[in-house]
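These notes are about the structure you will find just below.
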Amino acid sequence: MSQKKNENDKIAKLNADLEHWKNEYYRAYADMQNLRKQVEKEHREAIRYRAVGFIENLLPILDGFHMALQAEVKSEEMKNFLIGFEFIYRNLLSVLENEGVSEISPKVGDEFDPSTMQALETIYDENAKPNKILKVNAKGYKLHERLIRPSIVVVSTNKKDEPKKEENNSPEMDA
Amino acid sequence: MAKEIILGIDLGTTNSVVSYLQADGTVKVIPNPEGTMTTPSVVAFKASGEEIVGNAAKRQAVTNPDTVSSIKRKMGSAEKVHINATKKDYTPQEISAKILAYMKKYAEENLGQKVQKAVITVPAYFNDAQRQATKDAGQIAGLDVVRIINEPTAAALAYGLDKGKSEKILVYDLGGGTFDVSILDIGDGTFEVISTAGDNQLGGDDWDKVVADWIKAQIKIEYGLDINDKMAQQRFLDAAEKAKIELSSSLQTTISLPFIAMGANGPVNFETTLSRAKFQDMTKHLLARTEEPVRRALADAKLSPNELNQVLLIGGSIRMPAVQELVKKLTGKTPNLSVNPDEAVSIGAAIQGGVVSGEIKDVVLLDVTPLTLGIETLGGVLTPLITRNTTIPTTKSQIFSTAQDNQPAVDIMVYQGERPMAHDNKLLGHFQLTGIKPARRGEPRIEVTFSIDVNGIVKVSAKDLDTQKEQEITITGSNGLSKEDIDRMVKEAEENAEADNKRKEEVEIKNKAEQYINSIDQALQEKGDSIDAAQKEQTQKLRDELKTALDNNDIETLKTRLGELEKAAEMMAQTQTGKGAQAGSTSDVHQEGHETADDVVDADSTMKN
């Protein structure tokens, strides 16, 4: 009797062990598969967004071009220079577009959208429609779906109360 | 079934970070939908009922009076925030909950699974009410807060300082908007905060403001212009931050602001250089404000600096060299900087999550092979099968072939070590695979398999894929090497790397030359008549030169002649019709050919049998 019981206990224990290791085995496989999927996903993202840092560094240069081209000039010679620079600027933009960069250039009168724009300040006008763009200070840029830098805009408000002052509104601070 | 994940959340005053412990025991920070690792602790409400959290909330802050930031400063107080848009009052924990819920959501999206639990960090000086409020915030966000831990404790965990040793450590945390110093007493898995001090109105942003003001003043000096428009201010701040970051790694930086304003003579273009020394001089009053709290924390803990075992620096601003120098001066310790200072607190929280769930204990610590394992191939070269630091258990196979025509057997010599020539390594064992059918060199396919089980036992088998004949050996002594032996072997390999590689390269060139000679001989013999005489003669001449160089051990000539011969052999192979593919594989110098025909199992001794 007791021998039989011992044997049964042993079988039960072995079965439990077997179950335990089978579980561990499948879990290790599952972990590996999940890990592989995650790594693949991250790898794709990393490739897709590999140029983020480089593009970020290019943005002030694009801004510079943009600002230069806004200038009003009187002499013909200067105008011709500007036309040349305009070409260079557009070529640069098209190179970036081919890499997946898109411009965010909202227009005056558009609705302010915080998902792609940074409000620099608000201007009060009792009769104005609120939350509209009054001025675009800088263009924003996206790489594929990801925002690299928001467009910087001035927004209308028809409320008198002063918006709460933020400690810091620099979009670069998150980086 | 996926394992339960416990998030580690650093719920900060200005920014928050979330991370989790992966199955292998390492921590990963989860990026937010905009791809950044830190998320601004900002919440905004709109009249439409929409709530905005994080970067977008921060960007619309000036347009919306219903934007709440730095809510952490109010945690635990009865003070409520009135939101006009919803006409409701919110408790600080309700606002914090919005941040936590947002992070929970993007963490779940990133992980592809639901998350219910979290460890959240709080400053060491938080009282019970503040801790309870933080816990409540988690609950409102749908998170079961399994632990609230102190930020410096989390930092210590991230640095792995919980390994039983009794230590006193100082944690210097200079973030974007707050500064904290804490002294911890660590012993046997327990963390006790002995003292805290700080300045909750001091952070990296203050450094930017000083530089921005300096830029503005420089423009006034140079152009007589007082620039006050908001866009220019923003550009000053951006340029200041960029300069600050660059001065952490270089001694000088250029601040360039084209078209910063319009003057009487057209656009104003401002450019200047800023040296690290100048930057440090203009911000020294800010740095000085961190000195007193460090001294106070030490005094409160009744410790002198030399009683500290470690100094940890966390918070993004500690990247400034002046901060590191100051801490070194105040404590006499070289600060530990090995963990990302922005992420350390969240990482520590995730580790704590693992301790709570028992997962840290459960982490299967897998061994790695301390040294490379391989077999000797033609010319005495060690061909590695399992390279050093491969996690075990593991199995690796590679196909080899014979070195001579009609070779009846191969000797498998198993070596362990890092030197490229087999004999410089430790011989673990050897065996013979016999009964190989008569064939030209390179034709038989012999699959050699190395397998290391969980106990470190190495099995090596060789299988003739044509006859399915197999032979194997089990090696138990491979882990008998002491740590010293292993270190010595690795060191020797490094010391001899140059000479060893030269020897290996010579052998490889000689092997290759021999292979070409054989393959040309074979081609000339079989298809010689179909090749035009001039080409045949030229090839024969090259072949003879190669043979002479090989016999004379003239490596330089071998190298130059090999290039020419490669071309010729390729042409010969192309002229062959029936045997085209075969000759192609033996003269192939690419990786594939390398693994089959070129790495020929050493067969000299077997040939004598």
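Chains: A, B, ... in order of the structure tokens. Residues: from 1 per chain. Ligands: from 1, in order shown.
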inquiry  = I'd like the contact shell of stretch 484-486 of chain B - 8 Å cut-off, only C-alpha atoms, skipping same-chain residues fewer than 3 positions apart - returned as a PyMOL selection string.
reply    = chain B and resi 370-371+481+489-490
Would you mind listing what lies within 12 Å of B:Asp453 as a PDB file with N, CA and C atoms, in the first residue's frame, with only C-alpha atoms counted and same-chain residues fewer than 2 positions away left out?
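Output file part.pdb is given in full below:
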```pdb
ATOM      1  N   LEU B 366      21.057  33.423 -17.198  1.00  0.00           N
ATOM      2  CA  LEU B 366      21.667  32.486 -18.126  1.00  0.00           C
ATOM      3  C   LEU B 366      23.163  32.756 -18.210  1.00  0.00           C
ATOM      4  N   ASP B 367      23.916  31.688 -18.333  1.00  0.00           N
ATOM      5  CA  ASP B 367      25.358  31.810 -18.462  1.00  0.00           C
ATOM      6  C   ASP B 367      25.733  32.138 -19.894  1.00  0.00           C
ATOM      7  N   VAL B 368      26.937  32.615 -20.047  1.00  0.00           N
ATOM      8  CA  VAL B 368      27.458  32.790 -21.398  1.00  0.00           C
ATOM      9  C   VAL B 368      28.737  31.967 -21.507  1.00  0.00           C
ATOM     10  N   THR B 369      29.092  31.626 -22.743  1.00  0.00           N
ATOM     11  CA  THR B 369      30.347  30.903 -22.931  1.00  0.00           C
ATOM     12  C   THR B 369      31.483  31.895 -22.715  1.00  0.00           C
ATOM     13  N   THR B 391      25.034  33.420 -25.250  1.00  0.00           N
ATOM     14  CA  THR B 391      24.210  32.937 -24.145  1.00  0.00           C
ATOM     15  C   THR B 391      23.885  31.454 -24.361  1.00  0.00           C
ATOM     16  N   ILE B 392      24.031  30.648 -23.303  1.00  0.00           N
ATOM     17  CA  ILE B 392      23.732  29.214 -23.429  1.00  0.00           C
ATOM     18  C   ILE B 392      22.434  28.895 -22.683  1.00  0.00           C
ATOM     19  N   PRO B 393      21.703  27.816 -23.020  1.00  0.00           N
ATOM     20  CA  PRO B 393      22.031  26.784 -24.001  1.00  0.00           C
ATOM     21  C   PRO B 393      21.960  27.289 -25.453  1.00  0.00           C
ATOM     22  N   THR B 394      22.792  26.695 -26.290  1.00  0.00           N
ATOM     23  CA  THR B 394      22.787  27.092 -27.689  1.00  0.00           C
ATOM     24  C   THR B 394      23.313  25.965 -28.576  1.00  0.00           C
ATOM     25  N   THR B 395      22.947  26.019 -29.843  1.00  0.00           N
ATOM     26  CA  THR B 395      23.409  25.031 -30.815  1.00  0.00           C
ATOM     27  C   THR B 395      23.812  25.761 -32.085  1.00  0.00           C
ATOM     28  N   LYS B 396      24.960  25.416 -32.645  1.00  0.00           N
ATOM     29  CA  LYS B 396      25.398  26.022 -33.896  1.00  0.00           C
ATOM     30  C   LYS B 396      25.935  24.939 -34.824  1.00  0.00           C
ATOM     31  N   PHE B 450      27.867  22.045 -32.840  1.00  0.00           N
ATOM     32  CA  PHE B 450      28.269  22.257 -31.446  1.00  0.00           C
ATOM     33  C   PHE B 450      27.006  22.561 -30.666  1.00  0.00           C
ATOM     34  N   SER B 451      26.897  21.912 -29.524  1.00  0.00           N
ATOM     35  CA  SER B 451      25.711  22.142 -28.717  1.00  0.00           C
ATOM     36  C   SER B 451      26.141  22.242 -27.259  1.00  0.00           C
ATOM     37  N   ASN B 455      23.729  23.043 -18.529  1.00  0.00           N
ATOM     38  CA  ASN B 455      24.761  22.794 -17.528  1.00  0.00           C
ATOM     39  C   ASN B 455      26.174  23.063 -18.048  1.00  0.00           C
ATOM     40  N   GLY B 456      26.263  23.558 -19.244  1.00  0.00           N
ATOM     41  CA  GLY B 456      27.567  23.900 -19.799  1.00  0.00           C
ATOM     42  C   GLY B 456      28.273  22.717 -20.446  1.00  0.00           C
ATOM     43  N   ILE B 457      27.559  21.630 -20.617  1.00  0.00           N
ATOM     44  CA  ILE B 457      28.181  20.456 -21.236  1.00  0.00           C
ATOM     45  C   ILE B 457      28.153  20.599 -22.759  1.00  0.00           C
ATOM     46  N   VAL B 458      29.336  20.423 -23.350  1.00  0.00           N
ATOM     47  CA  VAL B 458      29.474  20.641 -24.784  1.00  0.00           C
ATOM     48  C   VAL B 458      29.412  19.307 -25.513  1.00  0.00           C
ATOM     49  N   LYS B 459      28.556  19.237 -26.549  1.00  0.00           N
ATOM     50  CA  LYS B 459      28.512  18.055 -27.406  1.00  0.00           C
ATOM     51  C   LYS B 459      28.906  18.513 -28.792  1.00  0.00           C
ATOM     52  N   VAL B 460      29.815  17.763 -29.405  1.00  0.00           N
ATOM     53  CA  VAL B 460      30.206  18.090 -30.760  1.00  0.00           C
ATOM     54  C   VAL B 460      29.931  16.870 -31.627  1.00  0.00           C
ATOM     55  N   THR B 474      31.331  14.087 -26.238  1.00  0.00           N
ATOM     56  CA  THR B 474      30.798  14.953 -25.181  1.00  0.00           C
ATOM     57  C   THR B 474      31.971  15.457 -24.354  1.00  0.00           C
ATOM     58  N   ILE B 475      32.022  16.741 -24.173  1.00  0.00           N
ATOM     59  CA  ILE B 475      33.130  17.334 -23.429  1.00  0.00           C
ATOM     60  C   ILE B 475      32.581  17.931 -22.148  1.00  0.00           C
ATOM     61  N   THR B 476      33.087  17.467 -21.038  1.00  0.00           N
ATOM     62  CA  THR B 476      32.560  17.965 -19.767  1.00  0.00           C
ATOM     63  C   THR B 476      33.506  18.952 -19.116  1.00  0.00           C
TER      64      THR B 476
END
```
inquiry  = To test your reading of the structure, identify every residue in stretch 175-404 of chain B that backbone DSSP assigns to strand (DSSP E), and report it as a ChimeraX atom specification.
reply    = /B:179-187,190-199,252-263,266-275,310-314,373-377,381-386,394-400
request  = Pull out every residue of chain B that has at least one atom within 6 Å of chain A, counting only C-alpha atoms, and report them as a ChimeraX atom specification.
outcome  = /B:34,56,59-60,62-65
query = What lies within 12 Å of A:Arg48 using only C-alpha atoms, ignoring chain neighbours under 3 positions off, as a VMD selection string?
reply = (chain A and resid 41 to 45 51 to 52 99 to 101 143 to 146) or (chain B and resid 35)
Go ahead and save the residues from that selection, with N, CA and C atoms, as a PDB file, in the first residue's frame.
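Below is the file that was written, part_19.pdb:
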```
ATOM      1  N   LYS A  41       9.736  45.847 -34.667  1.00  0.00           N
ATOM      2  CA  LYS A  41       8.955  47.077 -34.734  1.00  0.00           C
ATOM      3  C   LYS A  41       9.860  48.284 -34.453  1.00  0.00           C
ATOM      4  N   GLU A  42      10.665  48.151 -33.400  1.00  0.00           N
ATOM      5  CA  GLU A  42      11.549  49.255 -33.042  1.00  0.00           C
ATOM      6  C   GLU A  42      12.598  49.504 -34.114  1.00  0.00           C
ATOM      7  N   HIS A  43      13.035  48.427 -34.715  1.00  0.00           N
ATOM      8  CA  HIS A  43      14.036  48.543 -35.774  1.00  0.00           C
ATOM      9  C   HIS A  43      13.468  49.322 -36.969  1.00  0.00           C
ATOM     10  N   ARG A  44      12.234  48.962 -37.332  1.00  0.00           N
ATOM     11  CA  ARG A  44      11.578  49.682 -38.437  1.00  0.00           C
ATOM     12  C   ARG A  44      11.450  51.166 -38.100  1.00  0.00           C
ATOM     13  N   GLU A  45      11.015  51.432 -36.861  1.00  0.00           N
ATOM     14  CA  GLU A  45      10.861  52.820 -36.432  1.00  0.00           C
ATOM     15  C   GLU A  45      12.205  53.545 -36.458  1.00  0.00           C
ATOM     16  N   ALA A  51      16.795  59.939 -39.261  1.00  0.00           N
ATOM     17  CA  ALA A  51      17.327  61.260 -39.606  1.00  0.00           C
ATOM     18  C   ALA A  51      16.797  62.369 -38.705  1.00  0.00           C
ATOM     19  N   VAL A  52      16.029  62.023 -37.671  1.00  0.00           N
ATOM     20  CA  VAL A  52      15.394  63.071 -36.858  1.00  0.00           C
ATOM     21  C   VAL A  52      16.391  64.120 -36.372  1.00  0.00           C
ATOM     22  N   GLU A  99      13.040  62.594 -48.225  1.00  0.00           N
ATOM     23  CA  GLU A  99      13.368  61.827 -47.027  1.00  0.00           C
ATOM     24  C   GLU A  99      12.153  61.615 -46.137  1.00  0.00           C
ATOM     25  N   GLY A 100      11.013  62.213 -46.504  1.00  0.00           N
ATOM     26  CA  GLY A 100       9.792  62.039 -45.702  1.00  0.00           C
ATOM     27  C   GLY A 100       9.434  63.236 -44.854  1.00  0.00           C
ATOM     28  N   VAL A 101      10.152  64.350 -45.049  1.00  0.00           N
ATOM     29  CA  VAL A 101       9.868  65.553 -44.262  1.00  0.00           C
ATOM     30  C   VAL A 101       8.715  66.319 -44.917  1.00  0.00           C
ATOM     31  N   LEU A 143       8.409  64.553 -39.740  1.00  0.00           N
ATOM     32  CA  LEU A 143       9.083  63.494 -40.483  1.00  0.00           C
ATOM     33  C   LEU A 143       8.109  62.326 -40.443  1.00  0.00           C
ATOM     34  N   HIS A 144       7.633  61.917 -41.606  1.00  0.00           N
ATOM     35  CA  HIS A 144       6.549  60.931 -41.692  1.00  0.00           C
ATOM     36  C   HIS A 144       5.408  61.390 -40.777  1.00  0.00           C
ATOM     37  N   GLU A 145       5.060  60.584 -39.752  1.00  0.00           N
ATOM     38  CA  GLU A 145       3.924  60.995 -38.909  1.00  0.00           C
ATOM     39  C   GLU A 145       4.371  61.758 -37.674  1.00  0.00           C
ATOM     40  N   ARG A 146       5.670  61.828 -37.475  1.00  0.00           N
ATOM     41  CA  ARG A 146       6.135  62.381 -36.204  1.00  0.00           C
ATOM     42  C   ARG A 146       6.459  63.869 -36.304  1.00  0.00           C
TER      43      ARG A 146
ATOM     44  N   GLY B  35       7.433  60.488 -29.889  1.00  0.00           N
ATOM     45  CA  GLY B  35       8.762  59.896 -30.020  1.00  0.00           C
ATOM     46  C   GLY B  35       9.768  60.340 -28.979  1.00  0.00           C
TER      47      GLY B  35
END
```
request  = Using only C-alpha atoms, find the one residue out of B:Lys242, B:Ile99, B:Arg276, B:Asn425 that sits nearest to A:Glu56.
outcome  =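 Comparing B:Lys242, B:Ile99, B:Arg276, B:Asn425 against A:Glu56, the winner is B:Lys242.
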request  = Excluding stretch 26-32 of chain B and residues on its chain fewer than 4 positions from it, collect all residues at most 8 Å away from it, counting only C-alpha atoms, and give them as number ranges by chain.
outcome  = B: 17-22, 36-39, 103, 106-107, 110, 343, 346-347, 350-351
inquiry  = Just to confirm, what's the straight-line distance from atom CA of B:Val414 to atom CA of B:Lys463 in Å (one decimal)?
reply    = 15.1 Å
List as a short mmCIF file (atom, residue, chain, number, x, y, z; two decimals) with C-alpha atoms, in the first residue's frame the protein and nucleic acid residues near B:Asn269, meaning an atom at most 10 Å away when only C-alpha atoms are counted, but skip any in the same chain fewer than 6 places from it.
```cif
data_model
loop_
_atom_site.label_atom_id
_atom_site.label_comp_id
_atom_site.auth_asym_id
_atom_site.auth_seq_id
_atom_site.Cartn_x
_atom_site.Cartn_y
_atom_site.Cartn_z
CA ILE B 219 22.64 92.82 -29.52
CA TYR B 223 23.35 97.42 -32.78
CA SER B 256 24.07 82.43 -34.72
CA LEU B 257 20.83 84.38 -35.13
CA PRO B 258 20.35 85.56 -38.71
CA PHE B 259 17.53 88.06 -39.39
CA ILE B 260 16.88 88.55 -35.70
CA ALA B 261 15.39 91.98 -36.35
CA MET B 262 14.99 94.68 -38.99
CA GLY B 263 17.20 97.72 -38.51
#
```
ask   = DSSP on the backbone: what in stretch 165-225 of chain B comes out alpha helix (DSSP H), as a list in words?
value = Gly204, Asp205, Asp206, Trp207, Asp208, Lys209, Val210, Val211, Ala212, Asp213, Trp214, Ile215, Lys216, Ala217, Gln218, Ile219, Lys220, Ile221, Glu222 and Tyr223 of chain B
message = List as a ChimeraX atom specification the protein and nucleic acid residues near B:Phe431, meaning an atom at most 9 Å away when only C-alpha atoms are counted, but skip any in the same chain fewer than 2 places from it.
response = /B:410-414,429,433,471-473
